[in-house]
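Participant: Sharing a structure, written as structure tokens. Questions coming.
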Amino acid sequence: MAEPAGLLPGDPRARLAMALILAFGFAAVGQVGTVPALLALALILALVAGQPARLLRGLRGPLVLAAAFVLILPLVSGATVLWQAGPLRLRAEGLEAGLLIAGRLLAIVTVTLTLLATLPAHRLAAALRGLGSPALLADLLLLTLRYLDEVRGEILRARLARRLRGGGAGWRDLPGHGAMLALALIRSQRRAENIWAAMRLRGHAAGLAVPPPPLGASDRAGIAVAAGLAGLLLLMDRVA
Amino acid sequence: MHLPDGLLPVGMAAAGYAGSAALLGLSLNRIARLPDPGAAMPRAAMLTAVFFAVSSIAVPVPPTTVHPMLVGLMGVLLGWFAVPAILVGLFLQAVLFGHGGLTTLGLNGLILASPALIAWVVWRALAPRAPTVAAVIAGSGAAALALALFVTLVLLGLPADVDGAAERAALGVFVFAHLPLVLAEGILVAVVLRVLARVEPGLLPDG
Amino acid sequence: MRALLQTVGLAVAWPGQPPVLSGLDLALGPGERVGLVGPNGSGKSTLLLSLAGVLPAAAGAVHLGGAPVRAGVFNPAVGLVFQHAEDQLFCPTLADDVAFGPRNLGLAGAALEARVAEALTVCGLSELGERPVHRLSGGEKRRACIAGVLAMRPRLMLLDEPSAALDLRSRRRLIRLLAGLDQTLMVASHDLDLILELCPRVILIDAGRIRADGPAREILGDAALMAAHGQEVPPALARSRVAGWPRERAIAGGAA
């Protein structure tokens, strides 16, 4: 079950805590001058974690969004004109805001993808539970995860079956989609009754999330390092 | 249609977490008072799986594709369970796909969960008299409300000195682009609730 | 022989509907293996759900080891293996799922691990503990369900269509697994060959009532009785009794 995580701590609670500390630290950066440090930190984290291909795949959407901020904000925001061509005016304040938003976005998504997306999803439920979130939330997460792929497969098969028998596709057949959704809900409701019976027959007092073992030294160190880095970054940001 | 990381000041993100936590606390408290909260959990999980499976399946609406939000329907069918269900879904999307945001999880939770709860209240008030109208209002209303909250928060997050004309133009495009989605959500909810009432009335809350 | 499981005048109904089963008297001795046969909708699954305490008795009672089985009360002495494996495997990995029941019985640490390992070994799954349940094959899923129930060390195991949708090899493995268990078994199935191989005794139910209860070979081999309840004599029995039966019947049975 151990995944190639490089030097990162393996305990999902430590990963989640580190991700939250770093993400909020990054989100608190307010000076465009800190952005290079921010991106460098995210890059180092990504290198430590390995798996660059996977990270790049996950970053595709955020990169487009970040580019949009950098390209659009200078055109619509700020007073100091940097460059003008016809009606287009590039402005300094907008560019600064765009770079800041894009930098924070990319750094935070990188942290999320390297620290969390590399874990098997069900261990995140154990992490949530271990960090003190309500049992119902962790159980809901586990059961949803368990059946998400199956339900998705069922719905896609139902859609295919409709198409094969001449059903319309896309928005023109909204009522058809509604009926399909309703039937998926009914099937799921029936299945939920069976699952509940199965859970009850084997007792359900302890909940579904497995209680995690105590945090190890590398886990504590990871959290401490994350907190230190976030603190350092914010100090730089405030002093600059 | 999620608030991305990095856009909003960190204070708003933290406030979003606090708001979502409060809403979650309230709903867990109400769920604990249900006659059989244990039995309701697998049901909520299965419906959550359906909602997230469906909202991950794109419906082609030329020239783009639209993901149904189903916020209103979640509210009507899940009631208080809509709040943990929505948070669970957002957490999965943020963590597994980097879609949405980790720091904005709280705000995104509020954007979706509050319209869901309002849709539930509205539907319960209107459904006995006019079920179809109630369903359309719950579906379209919740979608419109979620979009309005989203736009409001984005505007709060953008630099204060954004060009007014550009802002209005962007807003216009956004509203126009999402109008079909809002209408579709209403129709979808009406159809789903009508089918359920016909073949499986037990699935509808309160009857 | 003192009965392990006993029902007296049992009637079962789904909420708000007329009874699916009524007037059921049956007794199972410890270690007995009983096949439950009958057409679709005859009440086999309902009976199992009621014996397991999922559905309440509308009339009569179920006793296990002398104590009444009360619906809705956790009773680790009865294990039910559901018809659809997906409904029963609700935990992320196989080991988690097998551990679910024993953990609810209060086991933890090494004792829990030992219990899980034992159940996985009996079911031939010891290599697959860390595998996510949705990655298991159909036959593995079926045995995983049995492992999850066995890990609670029940005295009575109820199995609903255990061989449905299994290929020949998985089915053979399942039969070997079940034949090796010490538990009292009740197996509801349309797979009459499996029942013949596994269960010395058969109960035939139809339209919610017990129509026959006795040695498997007698009941499954009684062409008139079986035909009256929409069943066919399994080929193995039809062939062995070919002298006493019209040749066509045996062939028809074999081709079915």
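Simple scheme: letters A, B, ... for chains in structure tokens order, numbers from 1 for residues in each chain, numbers from 1 for ligands in the order shown.
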If the cut-off is 12 Å, can you tell me the residues of chain C near chain B, counting only C-alpha atoms? I'd like them as a list in words.
Facilitator: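 Selected residues: Pro15, Gly16, Gly72, Asp87 and Phe90 of chain C.
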Participant: List every residue of chain A that has an atom at most 8 Å from any atom of chain C, giving for each one its closest atom pair and the distance in Å to one decimal, counting only C-alpha atoms, sorted by chain and then by ascending residue number, as a Markdown table.
Facilitator:
| residue | atom | partner | partner_atom | distance |
| --- | --- | --- | --- | --- |
| A:Met1 | CA | C:Glu130 | CA | 6.9 |
| A:His122 | CA | C:Pro92 | CA | 6.3 |
| A:Leu142 | CA | C:Pro92 | CA | 7.1 |
| A:Leu143 | CA | C:Phe90 | CA | 6.6 |
| A:Arg146 | CA | C:Pro92 | CA | 6.1 |
| A:Arg191 | CA | C:Asp87 | CA | 6.4 |
| A:Ala192 | CA | C:Asp87 | CA | 7.8 |
| A:Asn194 | CA | C:Asp87 | CA | 5.8 |
| A:Ile195 | CA | C:Asp87 | CA | 4.9 |
| A:Ala197 | CA | C:Val54 | CA | 6.5 |
| A:Ala198 | CA | C:Gln88 | CA | 5.5 |
| A:Met199 | CA | C:Gln88 | CA | 7.6 |
| A:Arg200 | CA | C:Phe74 | CA | 6.5 |
| A:Leu201 | CA | C:Phe74 | CA | 5.9 |
| A:Arg202 | CA | C:Gly101 | CA | 4.6 |
| A:Gly203 | CA | C:Asn104 | CA | 5.4 |
| A:His204 | CA | C:Asn104 | CA | 6.2 |
| A:Ala205 | CA | C:Asn104 | CA | 5.8 |
| A:Ala206 | CA | C:Asn104 | CA | 5.7 |
| A:Leu208 | CA | C:Cys91 | CA | 6.9 |
| A:Val210 | CA | C:Asp96 | CA | 7.6 |
Participant: Ranking B:Ala146, B:Ala190, B:Met69, B:Ala40 by minimum distance to B:Pro131 and counting only C-alpha atoms, which one comes first?
Facilitator: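 Using only C-alpha atoms, B:Pro131 sits closest to B:Ala190.
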Participant: So which one's closest to B:Leu112, B:Leu147, B:Leu96, B:Val136, B:Ala13? Using only C-alpha atoms, please.
Facilitator: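 The closest residue to B:Leu112 is B:Leu147.
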Participant: Using only C-alpha atoms, find the residues of chain A whose closest atom to chain B is at most 6 Å away, then write them as a PDB file with C-alpha atoms, in the first residue's frame.
Facilitator:
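The new file selection34.pdb reads:
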ATOM      1  CA  ALA A  27      -2.930  32.115   0.329  1.00  0.00           C
ATOM      2  CA  ALA A  28      -1.841  34.748   2.854  1.00  0.00           C
ATOM      3  CA  VAL A  76      -9.063  45.840 -16.959  1.00  0.00           C
ATOM      4  CA  SER A  77      -7.539  46.940 -13.677  1.00  0.00           C
ATOM      5  CA  GLY A  78      -5.185  49.661 -12.435  1.00  0.00           C
ATOM      6  CA  ILE A 101      -3.325  35.484  -7.916  1.00  0.00           C
ATOM      7  CA  ARG A 104      -0.866  31.644  -5.244  1.00  0.00           C
ATOM      8  CA  LEU A 105      -3.196  29.464  -7.311  1.00  0.00           C
ATOM      9  CA  VAL A 109      -2.712  23.413  -6.345  1.00  0.00           C
ATOM     10  CA  LEU A 116      -2.894  14.709  -1.147  1.00  0.00           C
ATOM     11  CA  ALA A 117      -3.704  13.457  -4.641  1.00  0.00           C
ATOM     12  CA  LEU A 140     -20.067   9.496   4.280  1.00  0.00           C
ATOM     13  CA  LEU A 141     -16.797  10.133   2.442  1.00  0.00           C
ATOM     14  CA  LEU A 143     -19.177   5.149   1.289  1.00  0.00           C
ATOM     15  CA  THR A 144     -19.420   7.817  -1.402  1.00  0.00           C
ATOM     16  CA  LEU A 148     -18.803   6.610  -6.942  1.00  0.00           C
ATOM     17  CA  ARG A 152     -20.860   6.507 -12.662  1.00  0.00           C
ATOM     18  CA  GLY A 170     -27.337  16.065 -24.913  1.00  0.00           C
ATOM     19  CA  GLY A 178     -34.088  13.514 -15.736  1.00  0.00           C
ATOM     20  CA  ALA A 179     -35.820  10.145 -15.909  1.00  0.00           C
ATOM     21  CA  ALA A 182     -34.446   9.472 -11.153  1.00  0.00           C
ATOM     22  CA  SER A 188     -29.186   3.684  -5.240  1.00  0.00           C
ATOM     23  CA  GLN A 189     -31.858   4.015  -2.598  1.00  0.00           C
ATOM     24  CA  ALA A 192     -28.524   1.797   0.346  1.00  0.00           C
TER      25      ALA A 192
END
Participant: One number please: atom CA of C:Ala11 to atom CA of C:Gly23, in Å, one decimal.
Facilitator: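 So the answer is 5.8 Å.
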Participant: DSSP on the backbone: what in stretch 44-76 of chain C comes out strand (DSSP E), as a PyMOL selection string?
Facilitator: chain C and resi 57-64+67-68
Participant: Set the distance at 12 Å and use only C-alpha atoms: which residues neighbour A:Ile44 once local chain neighbours fewer than 4 positions away are removed? I'd like the list as number ranges by chain.
Facilitator: A: 7-8, 37-40, 48-50, 52, 107, 110-111, 114, 229
Participant: Please measure the separation of atom CA of B:Ile86 and atom CA of A:Ala158, giving the value in Å to one decimal.
Facilitator: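 Separation of atom CA of B:Ile86 and atom CA of A:Ala158: 24.7 Å.
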Participant: Which is closest to B:Ala197 among B:Ala116, B:Met12, B:Ala148, B:Ala127, if we use only C-alpha atoms?
Facilitator: B:Ala127
